[in-house]
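Shown below: run36.cif, with mmCIF, C-alpha atoms.
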data_model
loop_
_atom_site.label_atom_id
_atom_site.label_comp_id
_atom_site.auth_asym_id
_atom_site.auth_seq_id
_atom_site.Cartn_x
_atom_site.Cartn_y
_atom_site.Cartn_z
CA MET A 1448 -91.02 -159.47 51.81
CA MET A 1449 -92.08 -162.04 54.45
CA ARG A 1450 -88.78 -161.37 56.26
CA MET A 1451 -89.63 -157.64 56.30
CA ALA A 1452 -93.14 -158.17 57.64
CA GLY A 1453 -91.89 -160.38 60.45
CA LEU A 1454 -89.27 -157.81 61.34
CA MET A 1455 -91.82 -155.01 61.66
CA ARG A 1456 -94.12 -157.06 63.90
CA ARG A 1457 -91.28 -157.55 66.41
CA TRP A 1458 -90.14 -153.93 66.46
CA SER A 1459 -90.50 -152.25 69.85
CA PRO A 1460 -91.72 -148.61 70.04
CA LEU A 1461 -88.67 -147.61 72.09
CA ALA A 1462 -86.30 -149.06 69.53
CA ALA A 1463 -88.14 -147.35 66.69
CA ALA A 1464 -87.89 -144.00 68.46
CA CYS A 1465 -84.13 -144.38 68.86
CA LEU A 1466 -83.24 -145.57 65.37
CA VAL A 1467 -82.44 -142.35 63.54
CA GLY A 1468 -79.50 -141.45 65.75
CA VAL A 1469 -80.32 -137.75 65.80
CA TRP A 1470 -81.49 -135.59 68.68
CA LEU A 1471 -84.93 -134.99 67.14
CA ALA A 1472 -85.95 -138.65 67.13
CA GLY A 1473 -87.05 -138.49 70.76
CA CYS A 1474 -84.28 -140.46 72.46
CA GLY A 1475 -83.02 -137.83 74.85
CA ALA A 1476 -84.10 -134.63 76.47
CA ALA A 1477 -83.66 -131.58 74.28
CA PRO A 1478 -81.50 -128.76 75.58
CA GLU A 1479 -83.35 -125.89 77.21
CA LEU A 1480 -84.52 -123.35 74.68
CA ALA A 1481 -84.42 -119.62 75.01
CA GLU A 1482 -87.76 -117.90 75.43
CA GLU A 1483 -89.40 -117.03 72.15
CA ALA A 1484 -88.79 -113.46 71.01
CA PRO A 1485 -91.85 -111.17 71.19
CA ASP A 1486 -91.76 -110.57 67.42
CA ALA A 1487 -91.32 -114.23 66.46
CA PRO A 1488 -93.75 -115.63 63.86
CA PRO A 1489 -96.60 -117.81 65.13
CA ALA A 1490 -95.53 -121.32 66.04
CA PRO A 1491 -96.58 -124.03 63.57
CA SER A 1492 -99.87 -125.71 64.37
CA ALA A 1493 -101.90 -128.76 63.40
CA ALA A 1494 -105.57 -129.18 62.48
CA ALA A 1495 -107.79 -132.10 63.38
CA ASP A 1496 -107.42 -133.60 59.88
CA GLY A 1497 -103.63 -133.72 60.19
CA SER A 1498 -102.95 -130.59 58.14
CA TRP A 1499 -100.08 -128.39 59.25
CA THR A 1500 -99.90 -124.62 59.20
CA VAL A 1501 -96.25 -123.66 58.78
CA GLY A 1502 -95.85 -119.90 58.40
CA PRO A 1503 -98.08 -118.88 55.49
CA ARG A 1504 -98.41 -122.44 54.21
CA MET A 1505 -101.09 -125.03 54.89
CA VAL A 1506 -99.68 -128.52 54.30
CA PRO A 1507 -102.29 -131.31 54.16
CA PRO A 1508 -101.39 -134.85 55.23
CA PRO A 1509 -99.87 -136.88 52.37
CA ALA A 1510 -102.99 -138.45 50.86
CA MET A 1511 -101.11 -141.11 48.91
CA ALA A 1512 -98.79 -142.22 51.72
CA SER A 1513 -99.59 -145.37 53.69
CA ASP A 1514 -102.06 -145.31 56.59
CA ALA A 1515 -99.18 -146.04 59.00
CA LEU A 1516 -97.12 -143.11 57.77
CA ARG A 1517 -100.07 -140.68 57.73
CA SER A 1518 -101.07 -141.75 61.22
CA SER A 1519 -97.53 -141.24 62.48
CA ILE A 1520 -97.41 -137.74 60.98
CA ALA A 1521 -100.79 -136.81 62.46
CA SER A 1522 -99.76 -137.90 65.96
CA ALA A 1523 -96.34 -136.18 65.97
CA PRO A 1524 -95.59 -132.62 67.08
CA VAL A 1525 -95.55 -130.08 64.25
CA PRO A 1526 -91.93 -129.14 63.44
CA ASP A 1527 -90.83 -125.67 64.51
CA PRO A 1528 -87.74 -124.36 62.67
CA ALA A 1529 -87.39 -121.44 65.10
CA ALA A 1530 -87.12 -123.80 68.08
CA THR A 1531 -84.65 -125.99 66.20
CA ALA A 1532 -82.49 -122.97 65.38
CA ARG A 1533 -82.38 -122.01 69.07
CA ALA A 1534 -81.58 -125.53 70.30
CA ALA A 1535 -77.97 -125.84 69.18
CA PRO A 1536 -75.16 -125.68 71.74
CA THR A 1537 -72.70 -122.88 71.02
CA THR A 1538 -69.74 -123.86 73.24
CA ILE A 1539 -67.64 -126.99 73.68
CA GLU A 1540 -68.99 -127.30 77.22
CA GLY A 1541 -72.52 -127.02 75.87
CA TRP A 1542 -71.85 -129.72 73.30
CA GLU A 1543 -70.36 -132.05 75.91
CA ALA A 1544 -73.44 -131.65 78.12
CA PHE A 1545 -75.77 -132.13 75.16
CA LEU A 1546 -74.00 -135.24 73.86
CA ALA A 1547 -74.03 -136.80 77.31
CA GLN A 1548 -77.81 -137.05 76.95
CA GLY A 1549 -77.38 -139.63 74.19
CA GLU A 1550 -76.91 -142.51 76.60
CA ALA A 1551 -80.62 -143.35 76.38
CA GLN A 1552 -80.09 -143.87 72.66
CA ALA A 1553 -77.67 -146.70 73.34
CA ALA A 1554 -80.17 -148.44 75.60
CA GLY A 1555 -82.79 -148.19 72.88
CA ALA A 1556 -80.38 -149.63 70.33
CA LEU A 1557 -79.64 -152.67 72.45
CA ALA A 1558 -83.37 -153.12 73.11
CA LEU A 1559 -83.92 -153.12 69.36
CA ALA A 1560 -81.24 -155.73 68.79
CA GLU A 1561 -82.80 -157.98 71.43
CA SER A 1562 -86.30 -157.55 69.99
CA LEU A 1563 -85.04 -158.49 66.52
CA GLY A 1564 -83.15 -161.53 67.74
CA VAL A 1565 -79.79 -160.36 66.42
CA GLU A 1566 -76.50 -161.11 68.14
CA VAL A 1567 -74.22 -158.18 69.04
CA GLU A 1568 -70.52 -158.57 69.82
CA ARG A 1569 -68.08 -155.74 70.52
CA ASP A 1570 -64.68 -155.98 68.85
CA VAL A 1571 -61.70 -153.88 67.76
CA ILE A 1572 -60.54 -153.84 64.13
CA ALA A 1573 -57.47 -151.83 63.10
CA GLY A 1574 -57.61 -150.02 66.43
CA VAL A 1575 -61.23 -148.96 65.88
CA THR A 1576 -64.13 -150.16 68.02
CA VAL A 1577 -66.76 -152.03 66.01
CA ARG A 1578 -69.80 -154.16 66.71
CA HIS A 1579 -70.55 -157.37 64.89
CA VAL A 1580 -74.31 -157.58 64.39
CA ARG A 1581 -75.43 -161.01 63.22
CA PRO A 1582 -79.00 -161.92 62.22
CA ALA A 1583 -80.60 -165.02 63.66
CA GLU A 1584 -80.76 -166.37 60.10
CA VAL A 1585 -78.49 -165.33 57.24
CA ALA A 1586 -80.28 -165.22 53.89
CA PRO A 1587 -78.79 -167.76 51.45
CA GLU A 1588 -78.05 -165.02 48.91
CA HIS A 1589 -75.96 -163.17 51.53
CA ALA A 1590 -74.07 -166.16 52.94
CA GLN A 1591 -70.75 -164.79 51.62
CA HIS A 1592 -71.55 -161.11 52.07
CA LEU A 1593 -70.78 -158.55 54.79
CA PHE A 1594 -72.34 -155.11 55.28
CA VAL A 1595 -69.96 -152.48 56.68
CA HIS A 1596 -72.22 -150.00 58.45
CA VAL A 1597 -71.48 -146.38 59.38
CA HIS A 1598 -74.03 -144.75 61.67
CA GLY A 1599 -75.81 -141.43 61.35
CA GLY A 1600 -76.25 -138.67 63.91
CA ALA A 1601 -74.79 -135.58 62.20
CA TYR A 1602 -71.27 -136.82 63.03
CA VAL A 1603 -71.82 -136.02 66.72
CA LEU A 1604 -74.38 -138.60 67.93
CA GLY A 1605 -75.13 -142.30 67.55
CA GLY A 1606 -71.83 -143.74 68.77
CA GLY A 1607 -71.15 -146.44 71.33
CA ASP A 1608 -73.91 -149.02 71.56
CA GLY A 1609 -76.05 -146.57 69.57
CA THR A 1610 -74.28 -147.79 66.44
CA VAL A 1611 -76.28 -151.00 66.78
CA SER A 1612 -79.68 -149.48 65.97
CA GLU A 1613 -79.68 -149.22 62.18
CA ALA A 1614 -77.16 -152.05 61.94
CA ALA A 1615 -79.63 -154.36 63.70
CA ALA A 1616 -82.44 -153.27 61.38
CA ILE A 1617 -80.32 -154.02 58.30
CA ALA A 1618 -79.09 -157.35 59.64
CA ALA A 1619 -82.58 -158.57 60.53
CA ALA A 1620 -84.45 -157.17 57.52
CA VAL A 1621 -81.94 -158.14 54.84
CA GLY A 1622 -80.51 -161.25 56.50
CA ILE A 1623 -76.90 -160.10 56.18
CA PRO A 1624 -74.08 -160.01 58.75
CA VAL A 1625 -73.07 -156.45 59.66
CA VAL A 1626 -69.97 -154.79 61.07
CA SER A 1627 -70.88 -151.38 62.49
CA VAL A 1628 -68.03 -148.86 62.83
CA ASP A 1629 -67.94 -146.83 66.04
CA TYR A 1630 -65.90 -144.03 64.50
CA ARG A 1631 -64.44 -141.19 66.56
CA MET A 1632 -66.48 -137.98 66.76
CA PRO A 1633 -66.13 -134.35 67.86
CA PRO A 1634 -65.65 -132.36 69.92
CA ALA A 1635 -62.72 -134.60 70.92
CA ASP A 1636 -62.07 -135.94 67.41
CA PRO A 1637 -63.29 -133.79 64.50
CA PHE A 1638 -62.75 -134.48 60.78
CA PRO A 1639 -60.95 -136.45 59.37
CA ALA A 1640 -61.14 -138.94 62.27
CA ALA A 1641 -64.44 -140.47 61.12
CA VAL A 1642 -63.16 -141.01 57.58
CA ASP A 1643 -59.82 -142.37 58.81
CA ASP A 1644 -61.51 -144.87 61.13
CA THR A 1645 -63.96 -146.13 58.52
CA VAL A 1646 -61.19 -146.49 55.93
CA ALA A 1647 -59.02 -148.36 58.43
CA VAL A 1648 -61.77 -150.86 59.24
CA PHE A 1649 -62.64 -151.40 55.59
CA GLU A 1650 -59.01 -151.93 54.61
CA ALA A 1651 -58.56 -154.46 57.41
CA LEU A 1652 -61.66 -156.35 56.28
CA LEU A 1653 -60.22 -156.52 52.75
CA ALA A 1654 -57.57 -158.89 54.12
CA GLU A 1655 -60.30 -161.45 54.85
CA HIS A 1656 -63.04 -160.65 52.34
CA PRO A 1657 -62.99 -159.96 48.60
CA ALA A 1658 -63.99 -156.33 48.01
CA GLY A 1659 -66.89 -157.38 45.82
CA THR A 1660 -68.54 -159.20 48.73
CA LEU A 1661 -68.51 -156.10 50.96
CA ALA A 1662 -71.27 -153.50 51.05
CA LEU A 1663 -70.74 -150.11 52.68
CA GLY A 1664 -73.41 -147.71 53.85
CA GLY A 1665 -75.66 -146.03 56.33
CA THR A 1666 -78.17 -143.25 56.76
CA SER A 1667 -77.79 -139.46 56.88
CA ALA A 1668 -74.24 -138.67 58.02
CA GLY A 1669 -73.62 -142.40 57.70
CA GLY A 1670 -74.66 -142.37 54.04
CA ALA A 1671 -72.39 -139.42 53.35
CA LEU A 1672 -69.51 -141.00 55.29
CA ALA A 1673 -69.86 -144.13 53.14
CA LEU A 1674 -69.43 -141.94 50.05
CA SER A 1675 -66.47 -140.09 51.62
CA THR A 1676 -64.86 -143.41 52.53
CA ALA A 1677 -65.20 -144.62 48.95
CA LEU A 1678 -63.62 -141.36 47.73
CA LYS A 1679 -60.67 -141.89 50.10
CA LEU A 1680 -60.27 -145.54 49.09
CA ALA A 1681 -60.24 -144.54 45.42
CA GLU A 1682 -57.75 -141.76 46.14
CA THR A 1683 -55.33 -144.23 47.75
CA GLY A 1684 -55.81 -146.89 45.08
CA ARG A 1685 -57.55 -149.41 47.33
CA ASP A 1686 -60.36 -151.70 46.22
CA LEU A 1687 -63.87 -150.28 46.51
CA PRO A 1688 -66.87 -152.10 48.03
CA GLY A 1689 -69.16 -154.08 45.78
CA ALA A 1690 -72.11 -151.79 46.55
CA ILE A 1691 -72.98 -148.67 48.55
CA PHE A 1692 -76.18 -147.82 50.44
CA ALA A 1693 -76.59 -144.04 50.81
CA GLY A 1694 -79.77 -143.51 52.81
CA THR A 1695 -80.75 -139.82 52.56
CA PRO A 1696 -77.05 -138.86 52.67
CA TRP A 1697 -75.89 -135.54 54.14
CA SER A 1698 -73.66 -135.21 51.10
CA ASP A 1699 -73.39 -131.40 51.29
CA LEU A 1700 -72.69 -129.84 54.68
CA THR A 1701 -73.60 -126.39 53.34
CA GLN A 1702 -77.16 -125.13 53.04
CA THR A 1703 -77.21 -125.40 49.26
CA GLY A 1704 -79.85 -127.84 48.02
CA ASP A 1705 -83.30 -126.60 47.04
CA THR A 1706 -85.16 -128.67 49.64
CA GLN A 1707 -83.00 -127.22 52.42
CA PHE A 1708 -85.39 -124.30 51.96
CA THR A 1709 -88.62 -125.73 50.49
CA ASN A 1710 -88.86 -128.53 53.09
CA GLU A 1711 -87.89 -126.39 56.08
CA GLY A 1712 -90.56 -126.97 58.70
CA ILE A 1713 -91.99 -129.82 56.63
CA ASP A 1714 -89.35 -132.41 57.54
CA ARG A 1715 -90.43 -133.48 61.03
CA VAL A 1716 -87.07 -135.06 61.85
CA LEU A 1717 -84.42 -132.55 60.78
CA VAL A 1718 -86.85 -129.59 60.63
CA GLY A 1719 -84.31 -127.04 59.35
CA TYR A 1720 -80.63 -126.50 58.63
CA GLN A 1721 -80.02 -123.58 60.96
CA GLY A 1722 -79.22 -124.60 64.52
CA LEU A 1723 -78.36 -128.18 65.29
CA LEU A 1724 -77.38 -129.13 61.75
CA SER A 1725 -75.38 -126.02 60.95
CA GLU A 1726 -73.55 -126.12 64.29
CA SER A 1727 -72.85 -129.86 63.99
CA ALA A 1728 -71.34 -129.26 60.56
CA LYS A 1729 -69.02 -126.60 61.98
CA LEU A 1730 -68.06 -128.76 64.96
CA TYR A 1731 -67.28 -131.74 62.72
CA ALA A 1732 -65.37 -129.75 60.08
CA GLY A 1733 -63.20 -127.78 62.49
CA ASP A 1734 -60.85 -125.59 60.46
CA HIS A 1735 -61.69 -127.29 57.15
CA ASP A 1736 -63.83 -125.83 54.39
CA LEU A 1737 -67.28 -127.43 54.34
CA THR A 1738 -66.99 -128.06 50.59
CA GLU A 1739 -63.93 -130.32 50.86
CA PRO A 1740 -64.96 -133.58 49.13
CA LEU A 1741 -64.22 -135.82 52.12
CA LEU A 1742 -66.54 -133.58 54.18
CA SER A 1743 -69.17 -133.00 51.50
CA PRO A 1744 -68.76 -135.86 49.02
CA ILE A 1745 -71.09 -134.24 46.46
CA TYR A 1746 -68.02 -132.16 45.51
CA GLY A 1747 -65.89 -135.26 44.87
CA ASP A 1748 -65.25 -137.38 41.78
CA PHE A 1749 -67.60 -140.37 41.57
CA GLU A 1750 -66.06 -141.92 38.47
CA GLY A 1751 -65.54 -145.66 38.99
CA PHE A 1752 -67.81 -145.83 42.04
CA PRO A 1753 -69.62 -149.11 42.79
CA PRO A 1754 -73.38 -149.49 42.28
CA THR A 1755 -75.18 -147.23 44.74
CA LEU A 1756 -78.70 -147.32 46.19
CA LEU A 1757 -80.15 -144.02 47.45
CA VAL A 1758 -83.35 -143.59 49.49
CA THR A 1759 -85.21 -140.41 50.46
CA GLY A 1760 -88.73 -138.94 50.77
CA THR A 1761 -90.71 -135.99 49.47
CA ARG A 1762 -90.62 -134.26 52.89
CA ASP A 1763 -86.92 -134.90 53.48
CA LEU A 1764 -84.77 -131.82 54.09
CA PHE A 1765 -81.99 -133.81 52.38
CA LEU A 1766 -84.09 -134.72 49.33
CA SER A 1767 -81.97 -132.35 47.22
CA ASP A 1768 -78.72 -133.75 48.64
CA THR A 1769 -79.88 -137.24 47.68
CA VAL A 1770 -81.14 -136.24 44.21
CA ARG A 1771 -77.96 -134.27 43.44
CA THR A 1772 -75.83 -137.23 44.52
CA HIS A 1773 -77.84 -139.59 42.33
CA ARG A 1774 -77.54 -137.35 39.27
CA LYS A 1775 -73.79 -136.90 39.77
CA LEU A 1776 -73.32 -140.66 40.09
CA ARG A 1777 -75.31 -141.20 36.89
CA ARG A 1778 -73.30 -138.55 35.04
CA ALA A 1779 -70.15 -140.41 36.08
CA GLY A 1780 -71.52 -143.59 34.51
CA VAL A 1781 -72.23 -145.30 37.85
CA THR A 1782 -75.13 -147.71 38.31
CA ALA A 1783 -77.31 -145.81 40.78
CA GLU A 1784 -80.90 -146.25 41.92
CA LEU A 1785 -82.95 -143.51 43.59
CA HIS A 1786 -86.05 -144.40 45.60
CA VAL A 1787 -88.24 -141.50 46.77
CA PHE A 1788 -91.18 -142.22 49.09
CA GLU A 1789 -94.27 -140.02 49.24
CA GLY A 1790 -94.71 -138.09 52.49
CA MET A 1791 -91.52 -139.45 54.09
CA SER A 1792 -89.32 -137.12 56.15
CA HIS A 1793 -85.61 -137.66 56.74
CA ALA A 1794 -84.85 -141.34 57.40
CA GLY A 1795 -88.56 -142.10 57.63
CA TYR A 1796 -87.91 -145.80 57.05
CA LEU A 1797 -86.25 -145.77 60.47
CA VAL A 1798 -88.74 -143.47 62.21
CA VAL A 1799 -91.86 -145.43 61.15
CA PRO A 1800 -90.45 -148.95 60.80
CA ASP A 1801 -93.86 -150.64 60.70
CA SER A 1802 -94.91 -148.73 57.57
CA PRO A 1803 -95.13 -150.28 54.10
CA GLU A 1804 -92.65 -147.64 52.98
CA ALA A 1805 -90.04 -148.97 55.41
CA GLN A 1806 -90.67 -152.55 54.34
CA GLU A 1807 -90.24 -151.56 50.70
CA ALA A 1808 -87.02 -149.66 51.46
CA TRP A 1809 -85.41 -152.65 53.17
CA GLY A 1810 -86.72 -154.94 50.44
CA GLU A 1811 -85.06 -152.76 47.81
CA LEU A 1812 -81.80 -152.83 49.76
CA GLY A 1813 -81.83 -156.62 50.04
CA ARG A 1814 -82.56 -157.01 46.33
CA PHE A 1815 -79.91 -154.47 45.36
CA LEU A 1816 -77.18 -156.13 47.42
CA ALA A 1817 -78.07 -159.58 46.13
CA GLU A 1818 -77.89 -158.24 42.57
CA HIS A 1819 -74.59 -156.36 42.83
CA LEU A 1820 -72.41 -158.11 45.43
CA ASP A 1821 -70.27 -161.02 44.23
#

Full structure transcribed into structure tokens:
Amino acid sequence: MMRMAGLMRRWSPLAAACLVGVWLAGCGAAPELAEEAPDAPPAPSAAADGSWTVGPRMVPPPAMASDALRSSIASAPVPDPAATARAAPTTIEGWEAFLAQGEAQAAGALALAESLGVEVERDVIAGVTVRHVRPAEVAPEHAQHLFVHVHGGAYVLGGGDGTVSEAAAIAAAVGIPVVSVDYRMPPADPFPAAVDDTVAVFEALLAEHPAGTLALGGTSAGGALALSTALKLAETGRDLPGAIFAGTPWSDLTQTGDTQFTNEGIDRVLVGYQGLLSESAKLYAGDHDLTEPLLSPIYGDFEGFPPTLLVTGTRDLFLSDTVRTHRKLRRAGVTAELHVFEGMSHAGYLVVPDSPEAQEAWGELGRFLAEHLD
């Protein structure tokens, strides 16, 4: 826990803002929105006590969350699902212009790495660009371990130097060396490029590291891609990692889970499925059905999977995706832990890194890896 506390004290506000790897985390300018229709419902609003009015609902601040998390919620803009739905590009040209705005994200990621004292080195493994992210001090329990990281960003953002952001947080907080995979993304390279690249890197690392010493994981799309990679490795008969970290995984690209509806406008990061999420899913999937297991791993077979740690929050749009994944893992006989934090939106451990909730999340990850990796 002392390692976690020291990490949070050194975290820069810019780096914290850029960690999630999605367009709503404040790293780049949002695309211009169309004017609101005359018959649109009233925009969400906030009261002085931090309560939100979202449509007919009044949502008070989470009384049992930490002071840091409540304060962050009170100072943030109230999510507006209507604005989110209007924000998505609808053409390839529009996507290219939108994605070009992500360069600021990369600068924030490198600033984070510097503030945490981690070393970053660009490399190529199996033809795929990666970044080695090494903590200033490797924890003794992780001296023989390696974390293979896959970044989030709805499969369209978070690449390049942006891959370093969560990787640096994991390396510094847990004290474990990380290899972050800069997988190919659409519109140039839709599915299955991301899965192919992650599998290729993992297979190459197996030549130098026993599978049981390798962890695989990430947040959001990264968490889901870790699950998809494990499905592909199992399908081809390759060794699986010793453990998986699935942070609020986007394990179902369709709008199916209960909290895709109940937490719409409550999750201040993702806000709602329609718009940026739904269009990113289509862009990534291309001509493939969204329920294909390597796209939406919740529809795959988890039998024989390695121990898996899942993290989410009560305000997370992907709470249902995470819960459904956990239950399916358990039904398959897999050792799986689910940690749900009060008041936390999607990837809140990255958005509010100085909160006790974030410290606990990284502490759980460090403990879990030490327990399950060889």

Hits of the PyMOL selection byres ((chain A and resi 1776) around 12) in this structure, as number ranges by chain:
A: 1674, 1691, 1693, 1744-1757, 1769-1775, 1777-1785

Residues picked by the PyMOL selection byres ((chain A and resi 1632) around 12) here, as a PDB file with C-alpha atoms, in the coordinates of the input?
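Dumped everything to part01.pdb:
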ATOM      1  CA  TRP A1542     -71.850-129.720  73.300  1.00  0.00           C
ATOM      2  CA  GLU A1543     -70.360-132.050  75.910  1.00  0.00           C
ATOM      3  CA  LEU A1546     -74.000-135.240  73.860  1.00  0.00           C
ATOM      4  CA  HIS A1598     -74.030-144.750  61.670  1.00  0.00           C
ATOM      5  CA  GLY A1599     -75.810-141.430  61.350  1.00  0.00           C
ATOM      6  CA  GLY A1600     -76.250-138.670  63.910  1.00  0.00           C
ATOM      7  CA  ALA A1601     -74.790-135.580  62.200  1.00  0.00           C
ATOM      8  CA  TYR A1602     -71.270-136.820  63.030  1.00  0.00           C
ATOM      9  CA  VAL A1603     -71.820-136.020  66.720  1.00  0.00           C
ATOM     10  CA  LEU A1604     -74.380-138.600  67.930  1.00  0.00           C
ATOM     11  CA  GLY A1605     -75.130-142.300  67.550  1.00  0.00           C
ATOM     12  CA  GLY A1606     -71.830-143.740  68.770  1.00  0.00           C
ATOM     13  CA  GLY A1607     -71.150-146.440  71.330  1.00  0.00           C
ATOM     14  CA  VAL A1628     -68.030-148.860  62.830  1.00  0.00           C
ATOM     15  CA  ASP A1629     -67.940-146.830  66.040  1.00  0.00           C
ATOM     16  CA  TYR A1630     -65.900-144.030  64.500  1.00  0.00           C
ATOM     17  CA  ARG A1631     -64.440-141.190  66.560  1.00  0.00           C
ATOM     18  CA  PRO A1633     -66.130-134.350  67.860  1.00  0.00           C
ATOM     19  CA  PRO A1634     -65.650-132.360  69.920  1.00  0.00           C
ATOM     20  CA  ALA A1635     -62.720-134.600  70.920  1.00  0.00           C
ATOM     21  CA  ASP A1636     -62.070-135.940  67.410  1.00  0.00           C
ATOM     22  CA  PRO A1637     -63.290-133.790  64.500  1.00  0.00           C
ATOM     23  CA  PHE A1638     -62.750-134.480  60.780  1.00  0.00           C
ATOM     24  CA  PRO A1639     -60.950-136.450  59.370  1.00  0.00           C
ATOM     25  CA  ALA A1640     -61.140-138.940  62.270  1.00  0.00           C
ATOM     26  CA  ALA A1641     -64.440-140.470  61.120  1.00  0.00           C
ATOM     27  CA  VAL A1642     -63.160-141.010  57.580  1.00  0.00           C
ATOM     28  CA  ASP A1643     -59.820-142.370  58.810  1.00  0.00           C
ATOM     29  CA  ASP A1644     -61.510-144.870  61.130  1.00  0.00           C
ATOM     30  CA  THR A1645     -63.960-146.130  58.520  1.00  0.00           C
ATOM     31  CA  ALA A1668     -74.240-138.670  58.020  1.00  0.00           C
ATOM     32  CA  SER A1727     -72.850-129.860  63.990  1.00  0.00           C
ATOM     33  CA  ALA A1728     -71.340-129.260  60.560  1.00  0.00           C
ATOM     34  CA  LEU A1730     -68.060-128.760  64.960  1.00  0.00           C
ATOM     35  CA  TYR A1731     -67.280-131.740  62.720  1.00  0.00           C
ATOM     36  CA  ALA A1732     -65.370-129.750  60.080  1.00  0.00           C
ATOM     37  CA  GLY A1733     -63.200-127.780  62.490  1.00  0.00           C
TER      38      GLY A1733
END

At what distance in Å, to one decimal, does atom CA of A:Thr1706 lie from atom CA of A:Asp1768?
8.3 Å

Measuring atom to atom with only C-alpha atoms, identify which of A:Pro1503, A:Gly1694, A:Gly1760, A:Gly1665 is nearest to A:His1596.
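Looking at the shortest contact to A:His1596, the residue is A:Gly1665.
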
For this structure, which residues satisfy the selection - the PyMOL selection byres ((chain A and resi 1738) around 12) - when it is evaluated on the file as given? I want them as a list in words.
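After applying the PyMOL selection byres ((chain A and resi 1738) around 12), what remains is Ser1698, Asp1699, Leu1700, Thr1701, Gln1702, Thr1703, Ala1728, Lys1729, Ala1732, Asp1734, His1735, Asp1736, Leu1737, Glu1739, Pro1740, Leu1741, Leu1742, Ser1743, Pro1744, Ile1745, Tyr1746 and Gly1747 of chain A.
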
Between A:Ala1690, A:Val1648, A:Ala1808, A:Val1799, which residue has the minimum interatomic distance to A:Leu1663, considering all atoms listed in the file?
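Of all the options, A:Ala1690 lies closest to A:Leu1663.
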
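Each of A:Thr1759, A:Gln1707, A:Thr1660, A:Thr1676 was checked against A:His1819 using all atoms listed in the file; the smallest atom-to-atom distance is that of A:Thr1660.
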
Need to verify the contact set: A:Leu1820, 8 Å, all atoms listed in the file, exclusion of same-chain residues closer than 5 positions in sequence. Can you return it as a list in words?
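Here the qualifying residues turn out to be His1592, Gly1659, Thr1660, Leu1661, Ala1662, Gly1689 and Ala1690 of chain A.
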
Save out the residues we just selected, C-alpha atoms, as an mmCIF file, in the frame of the given file.
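As written to disk, again_30.cif reads:
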data_model
loop_
_atom_site.group_PDB
_atom_site.id
_atom_site.type_symbol
_atom_site.label_atom_id
_atom_site.label_comp_id
_atom_site.auth_asym_id
_atom_site.auth_seq_id
_atom_site.Cartn_x
_atom_site.Cartn_y
_atom_site.Cartn_z
ATOM 1 C CA HIS A 1592 -71.550 -161.110 52.070
ATOM 2 C CA GLY A 1659 -66.890 -157.380 45.820
ATOM 3 C CA THR A 1660 -68.540 -159.200 48.730
ATOM 4 C CA LEU A 1661 -68.510 -156.100 50.960
ATOM 5 C CA ALA A 1662 -71.270 -153.500 51.050
ATOM 6 C CA GLY A 1689 -69.160 -154.080 45.780
ATOM 7 C CA ALA A 1690 -72.110 -151.790 46.550
#

If I take atom CA of A:Arg1569 and atom CA of A:Trp1809, how far is one from the other in Å, to one decimal?
24.7 Å

Got a sec: who's within 10 Å of stretch 1518-1522 of chain A, counting only C-alpha atoms, leaving out chain neighbours fewer than 2 positions off, as a short mmCIF file (atom, residue, chain, number, x, y, z; two decimals) with C-alpha atoms, in the coordinates of the input?
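Done, and the output landed in selection39.cif:
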data_model
loop_
_atom_site.label_atom_id
_atom_site.label_comp_id
_atom_site.auth_asym_id
_atom_site.auth_seq_id
_atom_site.Cartn_x
_atom_site.Cartn_y
_atom_site.Cartn_z
CA ALA A 1493 -101.90 -128.76 63.40
CA ALA A 1494 -105.57 -129.18 62.48
CA ALA A 1495 -107.79 -132.10 63.38
CA ASP A 1496 -107.42 -133.60 59.88
CA GLY A 1497 -103.63 -133.72 60.19
CA SER A 1498 -102.95 -130.59 58.14
CA TRP A 1499 -100.08 -128.39 59.25
CA PRO A 1508 -101.39 -134.85 55.23
CA PRO A 1509 -99.87 -136.88 52.37
CA ALA A 1512 -98.79 -142.22 51.72
CA SER A 1513 -99.59 -145.37 53.69
CA ASP A 1514 -102.06 -145.31 56.59
CA ALA A 1515 -99.18 -146.04 59.00
CA LEU A 1516 -97.12 -143.11 57.77
CA PRO A 1524 -95.59 -132.62 67.08
CA VAL A 1525 -95.55 -130.08 64.25
CA ARG A 1715 -90.43 -133.48 61.03
CA GLY A 1790 -94.71 -138.09 52.49
CA MET A 1791 -91.52 -139.45 54.09
CA SER A 1792 -89.32 -137.12 56.15
CA VAL A 1798 -88.74 -143.47 62.21
CA VAL A 1799 -91.86 -145.43 61.15
CA SER A 1802 -94.91 -148.73 57.57
#

Which of these, A:Thr1537, A:Thr1576, A:Thr1666, A:Asn1710, has the shortest distance to A:Ser1627 once you count all atoms listed in the file?
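The closest residue to A:Ser1627 is A:Thr1576.
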
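Taking atom CA of A:Ala1510 and atom CA of A:Gly1670 as endpoints, the distance between them is 28.8 Å.
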
Nearest to A:Ala1556, chosen from A:Ala1794, A:Gly1609, A:Glu1588, A:Thr1538, with only C-alpha atoms counted in the distances:
A:Gly1609

A:Pro1526: which residues within 7 Å, counting all atoms listed in the file, same-chain residues fewer than 2 positions away excluded, as a ChimeraX atom specification?
/A:1491,1524,1528,1712-1713,1715,1718

A:Ala1590, A:Ile1572, A:Ala1654, A:Trp1697: which is nearest A:Ser1725, counting only C-alpha atoms?
A:Trp1697
